[in-house]
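Enquirer: Here it is, the structure, as structure tokens.
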Amino acid sequence: MKITMRIPSLVFLMTSMASAEMVGVDIDIHEDVLGGKSWGLSGPYEKMIGTMYFEVDPSNSANEIIVDIEHAPTNAQGNVEFSANFVLIKPKRVERGNGTVVLGVANRGTRRMLTFFNHGHDEHGEWDAVNPTAEEHFGDGFLMEQGFTLLWVGWQFDVPLSRPHGSRVFVPRVDPDEPIEGLVRSDFVVREKIFDRTLADRNHVPYPVSDPDAPESVLTVRDDVEDERQVIPRDQWDFARLENIDSQEGIGEVVPDQTRVYLESGFEPHRIYEVIYKAENPEVIGLGLAALRDAVSAFKYGSPDDLNIPPGSINHGIGYGMSQPGRTLRTLIYMGFNEDEQHRKAFDGIIAQIGGAARGSFNLRFGQASRDAHPFLNFFYPTDIFPFTDVEQTDPVTGVTGGMLSHVPEEFMPKVYNVNSSYEYWGRVSSLLTTTVDGEQDAPMLDEHARVYHFAGAQHLPAEFPPTQTNGQNLNNPNDFSWFMRALLVRMNEWVVEGTPAPPSQYPLISDETLVGPAEVNFPNIPNINFPTKTHKAYRVDYGPRFVSEGVITKEPPEIGPAFPILVPQVNEDGNELGGLRTPGLVVPLATYTGWNLYNTEYGPTDTASHMSGSFIPFYATKVEREAQGDPRLSLEERYENRDHYLGLVAAEAIQLIEEGYLLDQDLREILEQAGVIWDSIDN
């Protein structure tokens with residue numbers, strides 16, 4: 001069924017007519033979910049897919065924080081127009097739901113709440129980039145059973161074109177009297193020899209080169225992030241692509257292309273290439289954050305009848321984002337986007353999952369919203385930058401003072417979770433969330449407003465079981481923390497709706513020696529397992545005098561200062577972490593679960609932590625086996641009497657976590673089933 005309509009702004013009356021905010025919506029798909037299937041007290045759900053239209057007043061104080069909004073084109077009313085696609089999944093009678101909209105911030109166009117919270121899946125993989133229609137897409141229906149209204153609104157402008165149905169925002173370019181020029185930096189590492197490469201991060205949309213012959217154009221190469229850059233002579237490369245290619249020799253027709261870079265001798269694997277070039281008239285990308293803000297405000301304070309949401313039926317909004325979207329939400333709160341044009345609080349709760357201690361390039365001139373930071377991918381972008389902790393600190397090296405939440409006015413302060421896995425300690429500088437800048441002490445916490453949860457012994461996202469080996473030397477880590485997240489989402493909703501505080505923060509501490517320097521980790525000597533010798537680092541980075549005040553980078557490459565001290569979780573004799581929230585399967589282990597893995601020879605330097613991967617290192621089944629291999633970790637038969645004994649211990653740990661509020665009792669059966677599957681795979 002297709003409904004196409006442009007709803008006038010009067011339909012979306014807010015508490016005042018002074019600002020435009022959301023002004024209309026086109027609905028392309030409107031249908032019942034799974035043929036009208038009913039979920040608990042929430043009843044049947046419906047799904048709407050289409051486009052939301054926004055207008056913002058550039059003179060409104062809530063919008064003055066948007067970089068370059070003063071240069072954006074305006075309509076007859078003096079407002080800036082933009083749009084974003086959306087997906088809405090809600091109870092047909094929304095008043096039967098729990099009154100909370102969860103806005104899932106899409107990750108490079110993909111929408112992952114159903115896969116993560118509901119354990120939905122699809123045989124084709126990224127179903128969440130298109131239209132969820134089948135039973136398996138909705139998994140066990142957890143979010144529906146809880147009564148949440150689910151909303152995805154595009155915020156990222158440079159989503160890969162290969163995801164045409166992915167969530168994206170459509171924002172205008174600046175339209176000044178004179179062109180706005182700036183430098184753009186693109187670095188990349190390839191796995192195999194190639195001769196031309198996009199200027200974008202991976203497969204995203206790049207800024208085109210405005211002047212290929214500009215003297216500022218520079219291509220360099222180095223082997224390590226801290227190595228000196230070697231300039232490649234200008235006559236050996238160009239902004240071009242190779243057509244009709246002989247892939248072995250790199251012979252073909254060189255065609256000018258303002259979105260790609262070509263190297264005559266070819267880009268070699270595992271070397272860091274970096275090209276700097278001039279571009280002009282960028283998109284006003286901070287409007288993407290305004291889209292998130294204004295969408296959730298419309299649901300809370302407006303009465304969008306054509307979306308079948310009666311006034312007063314949605315009273316609270318929670319923002320949820322994993323990985324890059326977690327950093328998006330951290331940036332949104334830090335920069336002041338939780339105040340809407342009517343000067344009301346937009347999000348009541350924020351869940352920033354596996355984003356580390358970072359922010360991102362989401363409201364900058366020539367910002368590349370896709371860029372992040374890893375041990376050997378995307379270097380020195382405005383991601384791992386001070387401040388890191390919620391409370392205010394002063395960096396003793398630079399003298400700069402700041403905090404993530406310390407400056408947020410009380411009336412716009414949401415409840416905040418920073419939730420991370422072990423990988424984020426090795427690959428996303430998570431220790432800086434909870435330590436003083438010098439790495440010597442635990443930092444004070446804003447317990448009234450915020451929580452920090454560390455999922456011990458987990459990788460960026462849990463691997464499927466049985467796990468496979470991808471970019472690392474070891475099997476990927478299947479330690480499943482989604483059960484924690486289901487409970488923590490329920491607890492967040494209770495916190496914002498009822499005022500019931502979420503369970504206490506759980507993370508490793510300097511004070512009890514569960515957070516230590518990488519060289520102090522007492523990792524066991526397991527045969528054929530290499531322990532990391534270094535972590536990803538956060539550096540003091542100088543992007544020029546206009547970066548903080550105007551969101552404009554004038555130094556490319558930036559000037560790099562000393563790194564911040566990075567700490568990681570301490571482990572026990574099995575190599576399993578001691579601090580943080582530990583799953584029952586980690587407390588009663590069948591394996592060593594780590595947040596790190598080292599690159600294999602295909603993917604990168606073999607002494608460097610592989611991006612987003614952890615390790616699963618099973619115990620041997622018998623004492624004879626493990627002694628024959630020289631493994632110091634006890635075998636299954638030395639730990640447990642049998643399968644039932646093991647599962648009984650897992651159940652006891654799970655029940656304790658249920659009582660503490662970190663797990664849901666309804667999930668106990670499946671947690672035990674998962675544990676049984678892992679046991680059977682090892683004890684065969």
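Each chain in the structure tokens gets a letter, A, B and so on, in the order shown; residues start at 1 in every chain, and ligands are counted from 1 in the order they appear.
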Mind checking which residues fall within 9 Å of Gln368 of chain A, counting only C-alpha atoms, ignoring those fewer than 6 positions away in the same chain, and posting them as a list of chain:residue names?
Expert: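 The residues that qualify are A:Asp158, A:Val184, A:Ala200, A:Asp201, A:Val205, A:Pro206, A:Tyr207, A:Ile285, A:Gly360, A:Ser361, A:Phe362, A:Tyr381.
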Enquirer: Could you give me, as a PyMOL selection string, the residues within 6 Å of segment 317-319 of chain A, counting only C-alpha atoms and dropping anything in the same chain fewer than 6 positions from it?
Expert: chain A and resi 100-103+347-350
Enquirer: Which residue is closest to Phe531 of chain A? Choose from A:Asp57, A:Arg191, A:Ala62, A:Thr606 and count only C-alpha atoms.
Expert: A:Thr606
Enquirer: Show me, as a PyMOL selection string, the residues that have an atom within 8 Å of Ile682 of chain A when counting only C-alpha atoms, minus same-chain residues fewer than 2 positions from it.
Expert: chain A and resi 590+618-621+678-680+684
Enquirer: Keeping only all heavy atoms, write the selected residues to a file as an mmCIF file, in the first residue's frame.
Expert:
```cif
data_model
loop_
_atom_site.group_PDB
_atom_site.id
_atom_site.type_symbol
_atom_site.label_atom_id
_atom_site.label_comp_id
_atom_site.auth_asym_id
_atom_site.auth_seq_id
_atom_site.Cartn_x
_atom_site.Cartn_y
_atom_site.Cartn_z
ATOM 1 N N LEU A 590 33.789 -21.243 30.078
ATOM 2 C CA LEU A 590 34.192 -22.378 29.253
ATOM 3 C C LEU A 590 35.370 -22.003 28.364
ATOM 4 O O LEU A 590 35.853 -22.837 27.590
ATOM 5 C CB LEU A 590 33.030 -22.842 28.382
ATOM 6 C CG LEU A 590 31.775 -23.339 29.108
ATOM 7 C CD1 LEU A 590 30.664 -23.623 28.103
ATOM 8 C CD2 LEU A 590 32.086 -24.573 29.937
ATOM 9 N N PRO A 618 38.777 -21.381 23.719
ATOM 10 C CA PRO A 618 38.124 -22.385 24.568
ATOM 11 C C PRO A 618 39.112 -23.139 25.449
ATOM 12 O O PRO A 618 40.286 -23.319 25.103
ATOM 13 C CB PRO A 618 37.471 -23.328 23.548
ATOM 14 C CG PRO A 618 37.434 -22.572 22.265
ATOM 15 C CD PRO A 618 38.609 -21.654 22.287
ATOM 16 N N PHE A 619 38.612 -23.582 26.597
ATOM 17 C CA PHE A 619 39.371 -24.499 27.438
ATOM 18 C C PHE A 619 39.371 -25.884 26.788
ATOM 19 O O PHE A 619 38.469 -26.209 26.003
ATOM 20 C CB PHE A 619 38.746 -24.611 28.831
ATOM 21 C CG PHE A 619 38.644 -23.317 29.589
ATOM 22 C CD1 PHE A 619 37.596 -23.101 30.473
ATOM 23 C CD2 PHE A 619 39.602 -22.320 29.452
ATOM 24 C CE1 PHE A 619 37.493 -21.929 31.197
ATOM 25 C CE2 PHE A 619 39.510 -21.134 30.172
ATOM 26 C CZ PHE A 619 38.446 -20.934 31.044
ATOM 27 N N TYR A 620 40.344 -26.694 27.140
ATOM 28 C CA TYR A 620 40.310 -28.088 26.709
ATOM 29 C C TYR A 620 39.301 -28.862 27.552
ATOM 30 O O TYR A 620 39.002 -28.488 28.696
ATOM 31 C CB TYR A 620 41.703 -28.711 26.825
ATOM 32 C CG TYR A 620 42.634 -28.235 25.740
ATOM 33 C CD1 TYR A 620 43.553 -27.222 25.990
ATOM 34 C CD2 TYR A 620 42.573 -28.787 24.471
ATOM 35 C CE1 TYR A 620 44.395 -26.765 24.984
ATOM 36 C CE2 TYR A 620 43.415 -28.346 23.457
ATOM 37 C CZ TYR A 620 44.318 -27.331 23.713
ATOM 38 O OH TYR A 620 45.145 -26.884 22.713
ATOM 39 N N ALA A 621 38.782 -29.928 26.974
ATOM 40 C CA ALA A 621 37.779 -30.727 27.674
ATOM 41 C C ALA A 621 38.386 -31.522 28.821
ATOM 42 O O ALA A 621 37.752 -31.710 29.865
ATOM 43 C CB ALA A 621 37.066 -31.660 26.697
ATOM 44 N N ILE A 678 27.306 -23.834 23.945
ATOM 45 C CA ILE A 678 28.757 -23.657 24.003
ATOM 46 C C ILE A 678 29.403 -24.861 24.686
ATOM 47 O O ILE A 678 30.446 -25.361 24.243
ATOM 48 C CB ILE A 678 29.105 -22.343 24.722
ATOM 49 C CG1 ILE A 678 28.536 -21.153 23.945
ATOM 50 C CG2 ILE A 678 30.619 -22.185 24.857
ATOM 51 C CD1 ILE A 678 28.709 -19.813 24.645
ATOM 52 N N TRP A 679 28.786 -25.349 25.767
ATOM 53 C CA TRP A 679 29.316 -26.544 26.432
ATOM 54 C C TRP A 679 29.403 -27.712 25.456
ATOM 55 O O TRP A 679 30.433 -28.391 25.367
ATOM 56 C CB TRP A 679 28.438 -26.911 27.626
ATOM 57 C CG TRP A 679 28.811 -28.223 28.264
ATOM 58 C CD1 TRP A 679 28.483 -29.483 27.824
ATOM 59 C CD2 TRP A 679 29.635 -28.412 29.413
ATOM 60 N NE1 TRP A 679 29.024 -30.442 28.634
ATOM 61 C CE2 TRP A 679 29.743 -29.820 29.621
ATOM 62 C CE3 TRP A 679 30.266 -27.552 30.305
ATOM 63 C CZ2 TRP A 679 30.459 -30.363 30.672
ATOM 64 C CZ3 TRP A 679 30.991 -28.093 31.358
ATOM 65 C CH2 TRP A 679 31.089 -29.481 31.535
ATOM 66 N N ASP A 680 28.323 -27.934 24.735
ATOM 67 C CA ASP A 680 28.281 -29.081 23.817
ATOM 68 C C ASP A 680 29.341 -28.970 22.733
ATOM 69 O O ASP A 680 29.877 -29.983 22.264
ATOM 70 C CB ASP A 680 26.893 -29.196 23.186
ATOM 71 C CG ASP A 680 25.816 -29.555 24.203
ATOM 72 O OD1 ASP A 680 26.159 -30.090 25.276
ATOM 73 O OD2 ASP A 680 24.628 -29.282 23.928
ATOM 74 N N ASN A 684 32.876 -32.360 23.321
ATOM 75 C CA ASN A 684 32.302 -33.293 22.340
ATOM 76 C C ASN A 684 33.207 -34.507 22.163
ATOM 77 O O ASN A 684 34.270 -34.592 22.718
ATOM 78 C CB ASN A 684 32.078 -32.591 21.001
ATOM 79 C CG ASN A 684 33.327 -31.875 20.484
ATOM 80 O OD1 ASN A 684 34.452 -32.277 20.769
ATOM 81 N ND2 ASN A 684 33.118 -30.816 19.724
#
```
Enquirer: Would you please work out which residue, of A:Leu377, A:Val105, A:Ile354, A:Val496, is nearest to Thr328 of chain A when using only C-alpha atoms?
Expert: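 Among the listed residues, A:Val105 lies closest to Thr328 of chain A.
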Enquirer: Restricting the calculation to only C-alpha atoms: of A:Met413, A:Pro215, A:Glu95, A:Gly585, which residue gets closest to Pro311 of chain A?
Expert: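 Closest candidate: A:Glu95.
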Enquirer: As a ChimeraX atom specification, please: every residue in segment 476-638 of chain A that a backbone DSSP assignment puts in helix (DSSP H, G or I).
Expert: /A:482-498,518-520,547-550,584-587,623-629,636-638
Enquirer: Fewer than 5 positions away in the same chain doesn't count, so skip those; otherwise give me all residues within 8 Å of Gly36 of chain A, counting only C-alpha atoms, as an MDAnalysis selection string.
Expert: chainID A and resid 44:46
Enquirer: Write out as a VMD selection string the residues lying within 8 Å of His611 of chain A, counting only C-alpha atoms and excluding same-chain residues fewer than 5 positions away.
Expert: chain A and resid 374 to 377 427 471
Enquirer: Which one of A:Trp237, A:Glu70, A:Gln146, A:Pro91 sits closest to Val174 of chain A if you count only C-alpha atoms?
Expert: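 Distance minimum relative to Val174 of chain A lands on A:Glu70.
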Enquirer: Extract, using only C-alpha atoms, all DNA, RNA and protein residues at most 7 Å from segment 543-545 of chain A, discarding same-chain residues fewer than 2 positions from it, and format them as a list of chain:residue names.
Expert: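 In the requested form, the answer reads A:Val541, A:Phe547, A:Ile553, A:Thr554, A:Lys555, A:Pro558, A:Glu559.
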Enquirer: Which of these, A:Ala357, A:Ile69, A:Ile526, A:Val23, has the shortest distance to Leu433 of chain A once you count only C-alpha atoms?
Expert: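 Answer, going by the shortest atom-to-atom distance: A:Ala357.
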Enquirer: Among the residues of segment 315-408 of chain A, find those DSSP assigns to strand (DSSP E) from the backbone and print them as a list of chain:residue names.
Expert: A:His316, A:Gly317, A:Ile318, A:Gly319, A:Tyr320, A:Gly321, A:Met322, A:Gly349, A:Ile350, A:Ile351, A:Ala352, A:Gln353, A:Gln393, A:Thr394, A:Thr401, A:Gly402
Enquirer: Restricting the calculation to only C-alpha atoms: of A:Asn378, A:Thr110, A:Ser681, A:Ser83, which residue gets closest to Asp294 of chain A?
Expert: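 For Asp294 of chain A, the nearest of the candidates is A:Ser83.
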Enquirer: Just the residues within 9 Å of segment 508-517 of chain A, please, counting only C-alpha atoms, with nothing from its chain fewer than 5 positions along; format it as number ranges by chain.
Expert: A: 431, 434-435, 439-442, 454, 456, 565-571, 577-580
Enquirer: Output C-alpha atoms for every residue in the selection just made, as an mmCIF file, in the first residue's frame.
Expert:
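This went into part_29.cif:
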```cif
data_model
loop_
_atom_site.group_PDB
_atom_site.id
_atom_site.type_symbol
_atom_site.label_atom_id
_atom_site.label_comp_id
_atom_site.auth_asym_id
_atom_site.auth_seq_id
_atom_site.Cartn_x
_atom_site.Cartn_y
_atom_site.Cartn_z
ATOM 1 C CA SER A 431 39.329 4.136 30.121
ATOM 2 C CA THR A 434 36.189 7.092 34.004
ATOM 3 C CA THR A 435 39.721 8.253 34.857
ATOM 4 C CA GLY A 439 45.330 8.251 34.215
ATOM 5 C CA GLU A 440 46.262 8.179 37.915
ATOM 6 C CA GLN A 441 42.850 8.116 39.604
ATOM 7 C CA ASP A 442 39.211 7.195 39.073
ATOM 8 C CA HIS A 454 31.421 -2.166 30.990
ATOM 9 C CA ALA A 456 33.630 -7.578 30.602
ATOM 10 C CA PRO A 565 47.370 7.528 29.142
ATOM 11 C CA ILE A 566 45.193 4.526 28.251
ATOM 12 C CA LEU A 567 44.349 1.758 30.713
ATOM 13 C CA VAL A 568 42.741 -1.643 30.165
ATOM 14 C CA PRO A 569 40.933 -4.246 32.304
ATOM 15 C CA GLN A 570 42.942 -6.598 34.513
ATOM 16 C CA VAL A 571 42.327 -10.359 34.184
ATOM 17 C CA GLU A 577 38.406 -9.817 33.160
ATOM 18 C CA LEU A 578 37.763 -9.019 36.805
ATOM 19 C CA GLY A 579 35.877 -5.713 36.695
ATOM 20 C CA GLY A 580 32.621 -4.549 35.155
#
```
Enquirer: When you draw a straight line from atom CA of Ser167 of chain A to atom CA of Ile309 of chain A, how long is it in Å?
Expert: 21.8 Å
